[in-house]
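Colleague: Here you go, this is protein.csv (CSV, C-alpha atoms).
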```
chain,number,residue,atom,x,y,z
R,1,MET,CA,0.0,0.0,0.0
R,2,ALA,CA,1.3,3.4,-0.9
R,3,SER,CA,2.0,5.9,1.8
R,4,ASP,CA,0.1,9.2,2.1
R,5,SER,CA,3.1,11.1,0.8
R,6,GLU,CA,3.4,8.8,-2.2
R,7,ASP,CA,-0.3,9.2,-3.0
R,8,ALA,CA,0.1,12.9,-2.7
R,9,GLU,CA,3.0,13.0,-5.1
R,10,ASN,CA,1.3,10.7,-7.6
R,11,ASP,CA,-1.7,13.0,-7.5
R,12,LEU,CA,0.2,16.0,-8.9
R,13,THR,CA,0.3,17.1,-12.5
R,14,ASP,CA,3.5,17.6,-14.4
R,15,ASP,CA,4.0,21.1,-13.1
R,16,GLY,CA,3.6,20.0,-9.5
R,17,TYR,CA,0.3,21.8,-8.8
R,18,GLN,CA,-3.3,20.9,-8.6
R,19,LEU,CA,-5.9,23.6,-9.4
R,20,ILE,CA,-8.3,24.2,-6.5
R,21,GLU,CA,-10.1,27.3,-7.7
R,22,GLU,CA,-9.7,29.7,-10.6
R,23,GLY,CA,-11.6,33.0,-10.6
R,24,PRO,CA,-11.3,36.6,-12.0
R,25,ALA,CA,-9.4,37.7,-8.9
R,26,SER,CA,-6.9,34.9,-8.2
R,27,THR,CA,-5.9,31.4,-8.8
R,28,VAL,CA,-5.6,28.9,-6.0
R,29,SER,CA,-3.7,25.6,-6.3
R,30,ARG,CA,-2.1,23.1,-4.0
R,31,THR,CA,1.3,21.4,-4.1
R,32,TRP,CA,3.2,18.8,-2.1
R,33,SER,CA,6.2,20.8,-0.8
R,34,ALA,CA,8.1,22.2,2.2
R,35,PHE,CA,9.6,25.5,3.2
R,36,GLU,CA,12.7,26.4,5.1
R,37,GLY,CA,13.5,22.9,6.2
R,38,ARG,CA,10.0,22.0,7.4
R,39,GLU,CA,8.4,18.6,6.7
R,40,LEU,CA,6.7,17.9,3.4
R,41,GLN,CA,3.1,18.9,3.5
R,42,TRP,CA,0.2,20.0,1.3
R,43,ILE,CA,0.6,23.7,0.7
R,44,VAL,CA,-1.8,26.2,-1.0
R,45,ALA,CA,-0.5,28.7,-3.5
R,46,LYS,CA,-2.7,31.7,-4.1
R,47,SER,CA,-1.6,33.8,-7.1
R,48,ALA,CA,-2.9,37.1,-8.5
R,49,THR,CA,-1.7,39.8,-10.7
R,50,ILE,CA,-0.1,42.9,-9.2
R,51,ARG,CA,-0.8,44.9,-12.4
R,52,LYS,CA,-3.6,47.2,-11.4
R,53,LYS,CA,-5.3,47.3,-14.8
R,54,PHE,CA,-5.6,43.5,-14.8
R,55,SER,CA,-6.7,43.0,-11.2
R,56,LYS,CA,-10.3,42.7,-10.0
R,57,GLU,CA,-11.2,45.7,-7.8
R,58,PRO,CA,-11.2,45.6,-4.8
R,59,HIS,CA,-9.4,42.3,-4.5
R,60,ASP,CA,-5.8,43.1,-3.5
R,61,ILE,CA,-3.2,40.4,-3.0
R,62,ILE,CA,-0.6,42.9,-2.0
R,63,LYS,CA,-2.8,44.1,0.9
R,64,GLU,CA,-3.7,40.5,1.8
R,65,LEU,CA,0.0,39.6,2.2
R,66,ARG,CA,0.6,42.8,4.1
R,67,ILE,CA,-2.2,42.2,6.5
R,68,LEU,CA,-1.6,38.4,7.0
R,69,SER,CA,2.1,39.0,7.6
R,70,LYS,CA,1.4,41.1,10.7
R,71,LEU,CA,-1.2,38.8,12.2
R,72,SER,CA,-0.6,35.9,14.6
R,73,HIS,CA,-3.6,34.0,15.8
R,74,ILE,CA,-4.4,30.3,16.0
R,75,ASN,CA,-7.7,30.8,14.2
R,76,ILE,CA,-6.3,32.8,11.3
R,77,ILE,CA,-4.3,31.3,8.4
R,78,SER,CA,-0.6,31.8,8.6
R,79,VAL,CA,1.7,32.7,5.7
R,80,LEU,CA,4.5,30.2,5.1
R,81,SER,CA,6.2,32.1,2.3
R,82,HIS,CA,5.6,34.3,-0.7
R,83,PHE,CA,7.1,34.8,-4.2
R,84,LYS,CA,6.9,37.9,-6.5
R,85,ASP,CA,7.4,37.2,-10.2
R,86,THR,CA,8.8,40.5,-11.4
R,87,THR,CA,8.5,39.4,-15.0
R,88,ALA,CA,4.9,38.3,-15.0
R,89,LEU,CA,4.0,40.7,-12.3
R,90,VAL,CA,2.3,38.0,-10.2
R,91,LEU,CA,2.4,37.6,-6.5
R,92,THR,CA,2.0,34.2,-4.9
R,93,ILE,CA,1.2,33.6,-1.2
R,94,TYR,CA,1.9,30.1,0.3
R,95,VAL,CA,-0.2,28.9,3.2
R,96,PRO,CA,-1.0,25.5,4.8
R,97,TYR,CA,-3.6,23.4,3.1
R,98,ILE,CA,-6.7,22.6,5.1
R,99,PRO,CA,-9.1,20.3,3.2
R,100,SER,CA,-12.4,20.9,5.0
R,101,SER,CA,-14.6,24.0,5.5
R,102,LEU,CA,-18.0,24.8,7.0
R,103,VAL,CA,-19.4,24.0,3.5
R,104,GLN,CA,-18.7,20.3,4.1
R,105,LEU,CA,-20.0,20.4,7.7
R,106,PHE,CA,-23.2,22.2,6.6
R,107,ALA,CA,-23.8,19.6,3.9
R,108,SER,CA,-23.8,16.7,6.5
R,109,PRO,CA,-27.3,15.4,7.4
R,110,PHE,CA,-25.8,14.3,10.7
R,111,PHE,CA,-25.3,18.0,11.6
R,112,SER,CA,-28.9,18.2,12.8
R,113,PRO,CA,-30.8,17.5,16.0
R,114,PHE,CA,-33.0,15.0,14.0
R,115,ALA,CA,-32.2,11.5,12.8
R,116,SER,CA,-33.0,9.7,9.6
R,117,PRO,CA,-33.4,12.3,6.8
R,118,SER,CA,-35.1,9.6,4.7
R,119,SER,CA,-38.1,9.7,7.0
R,120,LEU,CA,-41.0,12.0,6.1
R,121,ASP,CA,-41.3,12.8,9.8
R,122,PRO,CA,-37.7,13.1,11.3
R,123,VAL,CA,-37.5,12.2,14.9
R,124,SER,CA,-35.5,14.2,17.4
R,125,ASP,CA,-32.3,12.5,18.5
R,126,PRO,CA,-31.1,13.9,21.9
R,127,THR,CA,-27.6,12.5,21.5
R,128,GLN,CA,-27.2,14.0,18.0
R,129,GLU,CA,-28.7,17.3,19.2
R,130,ALA,CA,-26.3,17.5,22.1
R,131,LYS,CA,-23.4,16.8,19.7
R,132,MET,CA,-24.6,19.4,17.2
R,133,THR,CA,-24.8,22.0,19.9
R,134,VAL,CA,-21.3,21.3,21.3
R,135,ILE,CA,-19.8,21.6,17.8
R,136,ALA,CA,-21.8,24.7,16.8
R,137,LYS,CA,-20.7,26.5,20.0
R,138,SER,CA,-17.1,25.6,19.5
R,139,ILE,CA,-17.0,26.7,15.9
R,140,VAL,CA,-18.8,30.0,16.5
R,141,PHE,CA,-16.7,30.7,19.6
R,142,GLN,CA,-13.5,30.2,17.6
R,143,ILE,CA,-14.8,32.5,14.8
R,144,LEU,CA,-15.5,35.1,17.3
R,145,ARG,CA,-12.1,34.8,18.9
R,146,ALA,CA,-10.5,35.4,15.5
R,147,LEU,CA,-12.7,38.4,14.8
R,148,ALA,CA,-12.2,39.9,18.3
R,149,TYR,CA,-8.5,39.7,17.6
R,150,LEU,CA,-8.9,41.4,14.2
R,151,HIS,CA,-11.3,44.1,15.4
R,152,ASP,CA,-9.3,45.0,18.4
R,153,PRO,CA,-8.5,48.8,18.4
R,154,ALA,CA,-4.8,47.9,18.2
R,155,ARG,CA,-5.4,46.3,14.7
R,156,ARG,CA,-8.8,47.5,13.4
R,157,ILE,CA,-8.9,44.9,10.7
R,158,ALA,CA,-12.2,43.7,9.2
R,159,HIS,CA,-12.3,40.6,7.0
R,160,ARG,CA,-15.3,41.6,4.9
R,161,ASP,CA,-16.0,38.2,3.4
R,162,ILE,CA,-17.1,35.9,6.2
R,163,LYS,CA,-18.9,32.9,4.7
R,164,PRO,CA,-18.8,29.1,5.2
R,165,ALA,CA,-16.2,28.6,2.4
R,166,ASN,CA,-13.8,31.0,4.1
R,167,ILE,CA,-14.0,29.2,7.5
R,168,LEU,CA,-11.8,26.1,7.4
R,169,LEU,CA,-11.7,23.2,9.9
R,170,THR,CA,-8.7,21.1,10.7
R,171,ARG,CA,-9.1,17.4,11.6
R,172,GLU,CA,-8.9,18.4,15.2
R,173,GLY,CA,-11.7,20.9,14.9
R,174,ARG,CA,-9.6,24.1,14.8
R,175,VAL,CA,-11.3,26.9,12.9
R,176,VAL,CA,-9.0,28.7,10.5
R,177,LEU,CA,-10.2,32.0,8.8
R,178,ILE,CA,-8.9,32.4,5.3
R,179,ASP,CA,-9.0,34.8,2.2
R,180,PHE,CA,-8.2,38.3,3.3
R,181,GLY,CA,-8.3,39.6,-0.3
R,182,VAL,CA,-11.0,42.3,0.4
R,183,ALA,CA,-10.0,42.9,4.1
R,184,CYS,CA,-10.1,46.4,5.5
R,185,ASP,CA,-7.2,47.9,7.4
R,186,GLY,CA,-8.7,50.5,9.6
R,187,LEU,CA,-5.4,51.9,10.7
R,188,GLY,CA,-5.0,53.4,7.2
R,189,ASP,CA,-1.7,51.7,6.4
R,190,SER,CA,-2.4,51.4,2.6
R,191,GLU,CA,1.0,52.4,1.1
R,192,GLY,CA,1.7,50.1,-1.8
R,193,ASP,CA,-1.8,48.6,-2.0
R,194,LEU,CA,-3.4,48.1,-5.4
R,195,TRP,CA,-6.7,49.5,-4.2
R,196,PRO,CA,-6.1,51.9,-1.3
R,197,GLU,CA,-9.2,53.0,0.7
R,198,ASP,CA,-10.0,56.1,2.6
R,199,PRO,CA,-12.5,56.1,5.5
R,200,GLY,CA,-15.0,58.1,3.4
R,201,ARG,CA,-14.4,56.2,0.2
R,202,MET,CA,-14.7,52.5,1.2
R,203,TYR,CA,-15.7,49.7,-1.1
R,204,PHE,CA,-19.2,48.4,-0.8
R,205,GLU,CA,-18.5,45.7,-3.4
R,206,VAL,CA,-17.4,43.3,-0.6
R,207,SER,CA,-18.8,40.2,1.1
R,208,THR,CA,-20.5,37.4,-0.8
R,209,GLY,CA,-24.2,37.1,-1.8
R,210,ALA,CA,-26.4,35.9,1.1
R,211,TYR,CA,-23.8,36.9,3.7
R,212,ARG,CA,-23.7,40.7,2.8
R,213,ALA,CA,-24.8,43.2,5.3
R,214,PRO,CA,-27.8,45.3,4.1
R,215,GLU,CA,-26.0,48.7,4.2
R,216,LEU,CA,-23.7,47.4,1.5
R,217,LEU,CA,-26.6,46.9,-0.8
R,218,PHE,CA,-27.4,50.7,-0.9
R,219,GLY,CA,-24.1,52.1,-2.0
R,220,THR,CA,-22.6,53.4,1.3
R,221,ARG,CA,-19.0,54.2,1.2
R,222,ALA,CA,-18.7,55.1,4.8
R,223,TYR,CA,-19.5,52.3,7.2
R,224,ASP,CA,-18.4,50.3,10.2
R,225,ALA,CA,-16.4,47.4,8.6
R,226,ALA,CA,-16.4,45.4,11.8
R,227,ALA,CA,-20.2,45.5,11.9
R,228,ILE,CA,-20.2,44.1,8.3
R,229,ASP,CA,-18.3,41.0,9.7
R,230,MET,CA,-20.8,40.7,12.6
R,231,TRP,CA,-23.8,40.6,10.2
R,232,SER,CA,-22.1,37.9,8.2
R,233,VAL,CA,-21.4,35.9,11.3
R,234,GLY,CA,-25.1,36.1,12.1
R,235,THR,CA,-26.0,34.7,8.7
R,236,VAL,CA,-23.5,31.9,9.1
R,237,LEU,CA,-24.8,31.1,12.5
R,238,ALA,CA,-28.4,31.0,11.3
R,239,GLU,CA,-27.4,28.8,8.4
R,240,MET,CA,-26.2,26.1,10.8
R,241,PHE,CA,-29.8,25.5,11.8
R,242,SER,CA,-31.6,26.1,8.5
R,243,ALA,CA,-33.2,23.3,6.4
R,244,LEU,CA,-31.1,20.6,4.7
R,245,ARG,CA,-32.3,20.3,1.1
R,246,LEU,CA,-31.5,17.4,-1.3
R,247,CYS,CA,-30.0,19.0,-4.4
R,248,SER,CA,-29.0,17.6,-7.7
R,249,GLY,CA,-26.0,18.6,-9.8
R,250,ASP,CA,-28.5,19.5,-12.5
R,251,ASP,CA,-30.0,22.3,-10.4
R,252,ASP,CA,-29.7,25.5,-12.3
R,253,GLY,CA,-26.7,27.5,-11.2
R,254,TYR,CA,-25.7,25.0,-8.4
R,255,ASP,CA,-22.7,26.4,-6.5
R,256,GLU,CA,-21.5,24.7,-3.3
R,257,GLU,CA,-20.3,28.0,-1.9
R,258,GLU,CA,-23.7,29.5,-2.1
R,259,PRO,CA,-26.6,27.0,-2.0
R,260,VAL,CA,-29.3,27.3,-4.6
R,261,TYR,CA,-32.1,27.8,-2.1
R,262,SER,CA,-32.8,30.3,0.7
R,263,ALA,CA,-34.8,29.6,3.9
R,264,GLN,CA,-38.6,29.4,3.6
R,265,ALA,CA,-40.9,29.8,6.6
R,266,GLY,CA,-42.3,26.5,7.7
R,267,ASP,CA,-39.8,24.2,5.9
R,268,ARG,CA,-39.1,20.9,7.5
R,269,PRO,CA,-35.6,19.9,8.8
R,270,PHE,CA,-35.0,17.8,5.6
R,271,VAL,CA,-36.5,18.9,2.3
R,272,VAL,CA,-36.6,16.3,-0.5
R,273,PRO,CA,-38.0,17.6,-3.8
R,274,PRO,CA,-40.6,15.3,-5.5
R,275,ARG,CA,-38.2,14.4,-8.3
R,276,LEU,CA,-35.4,13.3,-6.0
R,277,ARG,CA,-34.9,10.6,-3.4
R,278,VAL,CA,-32.4,10.1,-0.6
R,279,GLY,CA,-29.5,7.9,-1.8
R,280,GLN,CA,-30.1,8.8,-5.5
R,281,PRO,CA,-26.8,9.1,-7.5
R,282,GLU,CA,-25.5,12.6,-8.1
R,283,THR,CA,-27.4,14.2,-5.3
R,284,GLN,CA,-26.1,16.0,-2.3
R,285,TRP,CA,-27.5,17.7,0.8
R,286,CYS,CA,-27.3,21.5,0.7
R,287,ARG,CA,-28.1,23.7,3.7
R,288,ASP,CA,-30.3,26.7,2.8
R,289,THR,CA,-28.9,30.2,3.4
R,290,LEU,CA,-31.0,32.4,5.5
R,291,PHE,CA,-31.3,35.1,2.8
R,292,ASN,CA,-31.3,34.8,-1.0
R,293,GLY,CA,-28.1,36.1,-2.5
R,294,ARG,CA,-28.7,34.8,-6.0
R,295,ARG,CA,-31.0,37.6,-7.3
R,296,GLY,CA,-28.9,40.7,-7.2
R,297,GLU,CA,-28.7,43.4,-4.6
R,298,ILE,CA,-32.4,44.4,-4.8
R,299,GLY,CA,-33.4,40.7,-4.5
R,300,LEU,CA,-31.1,40.2,-1.6
R,301,ALA,CA,-32.4,43.3,0.2
R,302,TRP,CA,-36.0,42.2,-0.3
R,303,SER,CA,-35.2,38.7,1.0
R,304,ILE,CA,-33.7,40.3,4.1
R,305,PHE,CA,-36.7,42.6,4.6
R,306,LYS,CA,-39.2,39.7,4.3
R,307,ILE,CA,-37.6,38.1,7.3
R,308,ARG,CA,-36.2,41.1,9.3
R,309,GLY,CA,-39.0,43.5,8.4
R,310,THR,CA,-38.8,46.5,6.0
R,311,PRO,CA,-36.7,49.2,7.7
R,312,THR,CA,-38.6,52.0,9.4
R,313,ASP,CA,-37.6,55.0,11.3
R,314,GLU,CA,-37.9,53.0,14.5
R,315,THR,CA,-36.0,49.8,13.4
R,316,TRP,CA,-33.3,51.6,11.4
R,317,PRO,CA,-33.3,55.4,12.0
R,318,THR,CA,-30.4,56.1,9.6
R,319,PHE,CA,-31.6,53.8,6.7
R,320,ARG,CA,-32.8,56.7,4.6
R,321,GLU,CA,-29.3,58.3,4.8
R,322,LEU,CA,-27.8,55.5,2.7
R,323,PRO,CA,-27.1,56.7,-0.9
R,324,GLY,CA,-29.4,54.2,-2.6
R,325,ALA,CA,-32.1,53.9,0.0
R,326,SER,CA,-34.6,56.2,-1.7
R,327,SER,CA,-34.1,54.8,-5.2
R,328,VAL,CA,-36.4,51.8,-4.6
R,329,ASP,CA,-39.7,51.6,-2.7
R,330,PHE,CA,-40.2,48.3,-0.9
R,331,VAL,CA,-43.5,46.9,0.3
R,332,VAL,CA,-43.7,47.4,4.1
R,333,VAL,CA,-43.7,44.0,5.8
R,334,PRO,CA,-43.3,43.2,9.5
R,335,LYS,CA,-40.5,41.3,11.1
R,336,ALA,CA,-41.0,37.6,11.0
R,337,PRO,CA,-40.0,35.2,13.8
R,338,LEU,CA,-36.6,33.6,13.0
R,339,VAL,CA,-37.6,30.3,14.5
R,340,SER,CA,-39.9,29.6,11.6
R,341,PHE,CA,-37.0,29.7,9.1
R,342,LEU,CA,-34.6,27.5,11.2
R,343,PRO,CA,-36.1,24.0,11.5
R,344,ASN,CA,-32.9,22.4,12.7
R,345,LEU,CA,-32.7,24.5,15.9
R,346,PRO,CA,-32.1,22.5,19.1
R,347,SER,CA,-35.0,22.2,21.5
R,348,ASP,CA,-33.6,24.8,23.9
R,349,SER,CA,-32.8,27.6,21.6
R,350,ALA,CA,-33.8,30.8,23.4
R,351,THR,CA,-30.3,32.1,24.0
R,352,LEU,CA,-29.1,31.0,20.6
R,353,LEU,CA,-31.9,33.0,18.9
R,354,ASP,CA,-31.1,36.0,21.0
R,355,LEU,CA,-27.5,35.8,19.8
R,356,ILE,CA,-28.5,35.6,16.2
R,357,GLU,CA,-30.9,38.6,16.7
R,358,ASN,CA,-28.1,40.6,18.1
R,359,PHE,CA,-25.9,40.0,15.1
R,360,LEU,CA,-28.7,40.7,12.6
R,361,ALA,CA,-29.6,44.1,14.0
R,362,TYR,CA,-30.3,46.7,11.3
R,363,PRO,CA,-28.4,49.6,12.9
R,364,PRO,CA,-24.7,48.6,12.7
R,365,THR,CA,-24.1,50.3,16.0
R,366,GLU,CA,-26.5,47.9,17.7
R,367,ARG,CA,-24.8,44.7,16.4
R,368,LEU,CA,-23.1,42.7,19.1
R,369,SER,CA,-19.3,43.0,18.8
R,370,ALA,CA,-17.2,39.9,18.6
R,371,TYR,CA,-15.6,40.6,21.9
R,372,ASP,CA,-18.9,41.0,23.7
R,373,ALA,CA,-20.4,38.0,21.9
R,374,LEU,CA,-17.8,35.7,23.5
R,375,ASN,CA,-19.6,36.3,26.8
R,376,HIS,CA,-23.1,35.9,25.5
R,377,ALA,CA,-25.4,33.6,27.5
R,378,TRP,CA,-25.3,31.0,24.7
R,379,PHE,CA,-21.7,30.3,25.6
R,380,ASN,CA,-22.4,29.5,29.3
R,381,GLY,CA,-21.1,26.1,30.3
R,382,PRO,CA,-18.1,24.2,28.8
R,383,ILE,CA,-16.8,25.2,25.4
R,384,LEU,CA,-15.0,22.3,23.7
R,385,LEU,CA,-11.9,23.4,21.8
R,386,PRO,CA,-9.0,21.5,20.2
R,387,ARG,CA,-6.1,21.1,22.7
R,388,ALA,CA,-3.9,23.7,21.0
R,389,SER,CA,-6.7,26.2,20.9
R,390,SER,CA,-7.8,25.5,24.5
R,391,ASP,CA,-4.2,26.1,25.8
R,392,GLU,CA,-4.6,29.7,24.5
R,393,GLY,CA,-7.7,30.1,26.7
R,394,THR,CA,-6.4,28.7,30.0
R,395,ARG,CA,-7.7,31.8,31.8
R,396,ASP,CA,-11.3,31.0,30.6
R,397,GLU,CA,-12.7,28.4,32.9
R,398,ARG,CA,-15.4,27.5,30.2
R,399,ILE,CA,-12.8,26.1,27.8
R,400,VAL,CA,-12.1,22.3,27.9
R,401,SER,CA,-10.3,20.0,25.5
R,402,GLU,CA,-12.5,16.9,26.2
R,403,LEU,CA,-16.1,16.2,27.1
R,404,GLU,CA,-17.0,12.7,28.2
R,405,ASN,CA,-13.5,11.6,27.0
R,406,GLN,CA,-14.1,12.9,23.5
R,407,GLY,CA,-12.3,15.8,21.8
R,408,LEU,CA,-13.8,18.0,19.2
R,409,GLY,CA,-12.0,16.1,16.4
R,410,ASP,CA,-13.7,12.9,17.5
R,411,LEU,CA,-17.2,14.5,17.3
R,412,LEU,CA,-16.4,16.0,13.8
R,413,GLY,CA,-15.0,12.8,12.4
R,414,ARG,CA,-18.2,11.4,11.0
R,415,LEU,CA,-19.6,14.7,9.9
R,416,LEU,CA,-16.5,15.6,7.7
R,417,ALA,CA,-15.9,12.1,6.4
```
Could you quickly redo this structure as structure tokens?

Modeller:
Amino acid sequence: MASDSEDAENDLTDDGYQLIEEGPASTVSRTWSAFEGRELQWIVAKSATIRKKFSKEPHDIIKELRILSKLSHINIISVLSHFKDTTALVLTIYVPYIPSSLVQLFASPFFSPFASPSSLDPVSDPTQEAKMTVIAKSIVFQILRALAYLHDPARRIAHRDIKPANILLTREGRVVLIDFGVACDGLGDSEGDLWPEDPGRMYFEVSTGAYRAPELLFGTRAYDAAAIDMWSVGTVLAEMFSALRLCSGDDDGYDEEEPVYSAQAGDRPFVVPPRLRVGQPETQWCRDTLFNGRRGEIGLAWSIFKIRGTPTDETWPTFRELPGASSVDFVVVPKAPLVSFLPNLPSDSATLLDLIENFLAYPPTERLSAYDALNHAWFNGPILLPRASSDEGTRDERIVSELENQGLGDLLGRLLA
């Protein structure tokens, strides 16, 4: 039997790289290599042009390298090395390869408080519910620790593209935040960046689809970038508990990074369309996003308003000050209860719903900060973290590395298989 390293080497193409993702802003590949005497490992190479006329505004690999090089946090991707091709004018950043993300976790039917997705009437499974709650708390806690570090006044960095695909998970369950290509450096250190930003001329073409904060949809160029991250965290947290829907590769516009469907009131925990069946080839489970990001900015705004209510002077006093807020008239609808859109919520969900509500507040000033969220009531009791992560939190009595003789990696094993 071949060793893992032999399999890895045999899996490479002639140029030694495997393409992971190719888009208009960058190319991401992986290679089996080592840097500075370290052991051989899978390494990710992210490459992008540094010629301004060919780059995709506001994606900026120069700024990404600059920001990542000054960060050091267990839940943020680290830079192994970088290379600047002065002939082709391409910059490449090398980082560790981590194969799993929240996309894979969210697609698991076992990440639910209910058993047997093949049943028309799923039955609550207390053991599975408890496991799901432990995992969800751990993941969100780690995301918040990363954002509290970034948003700290000493750094004032905002990620601006929080989404499941940018939140990786190691085998041990450590969260790793990646892709700082549209990050914001609030300290104003923008010398040498491809696309510098001033406080009053910020980019609103940031974040992805269903995870975008509503103020970005109305053309504002002066906003609280940290509050953008917190709205996105709220949408990711809500998505953990939305419906799992059986999807086919034939679904129009299927994209694993942004599921085809958004949450609908009254959906069951598992939704199987009439034309599909569980176990059918070329099908996969997809978790609905809370909002619909596949119909443009106006469509996304309306999907937000249908759940959170159309903004009023009471719910969002400064909404009409946004540049594009008066260009479209929306039907006035009241706020809907979040619980009706999240059928995979655990049975005891009052504090969880309160946390989501605090992230999805309309006025950015009213959104819960990452630092304050770490002490929210939902996090009362033990927080299970990987041992390396738990060592960082030795002063926090809630943090443990095992629960009932199981680590976080043990609980995640089946879900990420």

Colleague: Restricting the calculation to all atoms listed in the file, which member of R:Pro99, R:Phe111, R:Asp179, R:Ala165 is positioned closest to Ser26 of chain R?

Modeller: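 The answer is R:Asp179, which sits nearest to Ser26 of chain R.
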
Colleague: Considering only C-alpha atoms, return as a list in words whatever protein or nucleic-acid residues lie within 9 Å of Gly173 of chain R, sequence-local ones (same chain, fewer than 2 positions apart) excluded.

Modeller: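 Here the qualifying residues turn out to be Ile135, Ser138, Ile139, Leu169, Thr170, Arg171, Val175, Leu385, Pro386, Gly407, Leu408, Gly409, Asp410, Leu411 and Leu412 of chain R.
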
Colleague: What's the 10 Å shell around Leu65 of chain R, counting only C-alpha atoms, without same-chain residues fewer than 6 positions away, as a list in words?

Modeller: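 So the residues in contact are Val79, Ser81, His82, Leu91, Thr92, Ile93, Tyr94, Phe180 and Gly181 of chain R.
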
Colleague: Keeping C-alpha atoms, export the residues of the selection given above as a short mmCIF file (atom, residue, chain, number, x, y, z; two decimals), in the coordinates of the input.

Modeller:
```cif
data_model
loop_
_atom_site.label_atom_id
_atom_site.label_comp_id
_atom_site.auth_asym_id
_atom_site.auth_seq_id
_atom_site.Cartn_x
_atom_site.Cartn_y
_atom_site.Cartn_z
CA VAL R 79 1.70 32.70 5.70
CA SER R 81 6.20 32.10 2.30
CA HIS R 82 5.60 34.30 -0.70
CA LEU R 91 2.40 37.60 -6.50
CA THR R 92 2.00 34.20 -4.90
CA ILE R 93 1.20 33.60 -1.20
CA TYR R 94 1.90 30.10 0.30
CA PHE R 180 -8.20 38.30 3.30
CA GLY R 181 -8.30 39.60 -0.30
#
```

Colleague: Which residues, written as a CSV table (one decimal) with C-alpha atoms, keeping the file's coordinate frame, have at least one atom at most 9 Å from Trp302 of chain R, with all atoms listed in the file counted and residues fewer than 5 positions away on the same chain left out?

Modeller:
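Printed below is part.csv as written:
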```csv
chain,number,residue,atom,x,y,z
R,292,ASN,CA,-31.3,34.8,-1.0
R,297,GLU,CA,-28.7,43.4,-4.6
R,307,ILE,CA,-37.6,38.1,7.3
R,310,THR,CA,-38.8,46.5,6.0
R,330,PHE,CA,-40.2,48.3,-0.9
R,331,VAL,CA,-43.5,46.9,0.3
```

Colleague: Counting all atoms listed in the file, which residues have an atom no more than 9 Å from (-19.3, 53.3, 4.1) in the file's coordinates? Please list them as a list in words.

Modeller: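 Selection result: Pro199, Gly200, Arg201, Met202, Tyr203, Phe204, Glu215, Leu216, Gly219, Thr220, Arg221, Ala222, Tyr223, Asp224, Ala225 and Leu322 of chain R.
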
Colleague: Using all atoms listed in the file, which residues sit within 10 Å of Ile76 of chain R once same-chain residues fewer than 2 positions away are excluded, as a ChimeraX atom specification?

Modeller: /R:68,71-74,78-79,142-143,145-147,149-150,167-168,174-180

Colleague: Find the residue from R:Pro126, R:Ala388, R:Thr87, R:Pro382 that sits nearest to Asn75 of chain R; use only C-alpha atoms when measuring.

Modeller: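 Nearest candidate to Asn75 of chain R out of R:Pro126, R:Ala388, R:Thr87, R:Pro382: R:Ala388.
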
Colleague: Applying 9 Å and all atoms listed in the file, which residues near Asp354 of chain R remain after dropping the ones on its own chain fewer than 4 positions away? List them as an NGL selection string.

Modeller: :R and (349-350 or 358-359 or 377-378)

Colleague: Could you jot down the atom CA of Ser369 of chain R to atom CA of Gly234 of chain R separation for me, Å, one decimal place?

Modeller: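 So the two atoms, atom CA of Ser369 of chain R and atom CA of Gly234 of chain R, lie 11.2 Å apart.
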
Colleague: Go ahead and compute the interatomic distance for atom CA of Glu205 of chain R and atom CA of Ala183 of chain R, in Å to one decimal.

Modeller: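 A separation of 11.7 Å between them.
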
Colleague: Point out the residue among R:Val134, R:Ala336, R:Val28, R:Ala107 with the least atom-to-atom distance to Gln284 of chain R, counting only C-alpha atoms.

Modeller: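 Of all the options, R:Ala107 lies closest to Gln284 of chain R.
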
Colleague: Restricting the calculation to only C-alpha atoms: of R:Cys247, R:Leu338, R:Ile228, R:Ile43, which residue gets closest to Gly279 of chain R?

Modeller: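 Residue with the minimum atom-to-atom distance to Gly279 of chain R: R:Cys247.
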
Colleague: My list of candidates is R:Arg308, R:Lys46, R:His59, R:Lys70. Which is closest to Glu197 of chain R when distances are computed with only C-alpha atoms?

Modeller: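 Using only C-alpha atoms, Glu197 of chain R sits closest to R:His59.
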
Colleague: Out of R:Ile304, R:Leu144, R:Ala370, R:Leu345, which residue has the shortest atom-to-atom distance to Leu217 of chain R when counting all atoms listed in the file?

Modeller: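 Counting all atoms listed in the file, the residue closest to Leu217 of chain R is R:Ile304.
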
Colleague: Could segment 374-379 of chain R be completed with N, CA and C atoms and written as a PDB file, in the coordinates of the input, please?

Modeller:
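Below you can see result_12.pdb, which holds the result:
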```
ATOM      1  N   LEU R 374     -18.494  36.844  22.847  1.00  0.00           N
ATOM      2  CA  LEU R 374     -17.800  35.700  23.500  1.00  0.00           C
ATOM      3  C   LEU R 374     -18.356  35.471  24.915  1.00  0.00           C
ATOM      4  N   ASN R 375     -19.003  36.480  25.481  1.00  0.00           N
ATOM      5  CA  ASN R 375     -19.600  36.300  26.800  1.00  0.00           C
ATOM      6  C   ASN R 375     -21.093  36.286  26.811  1.00  0.00           C
ATOM      7  N   HIS R 376     -21.674  36.018  25.646  1.00  0.00           N
ATOM      8  CA  HIS R 376     -23.100  35.900  25.500  1.00  0.00           C
ATOM      9  C   HIS R 376     -23.595  34.647  26.294  1.00  0.00           C
ATOM     10  N   ALA R 377     -24.836  34.665  26.735  1.00  0.00           N
ATOM     11  CA  ALA R 377     -25.400  33.600  27.500  1.00  0.00           C
ATOM     12  C   ALA R 377     -25.358  32.220  26.814  1.00  0.00           C
ATOM     13  N   TRP R 378     -25.373  32.246  25.465  1.00  0.00           N
ATOM     14  CA  TRP R 378     -25.300  31.000  24.700  1.00  0.00           C
ATOM     15  C   TRP R 378     -24.056  30.193  25.002  1.00  0.00           C
ATOM     16  N   PHE R 379     -23.003  30.906  25.374  1.00  0.00           N
ATOM     17  CA  PHE R 379     -21.700  30.300  25.600  1.00  0.00           C
ATOM     18  C   PHE R 379     -21.505  29.908  27.101  1.00  0.00           C
TER      19      PHE R 379
END
```
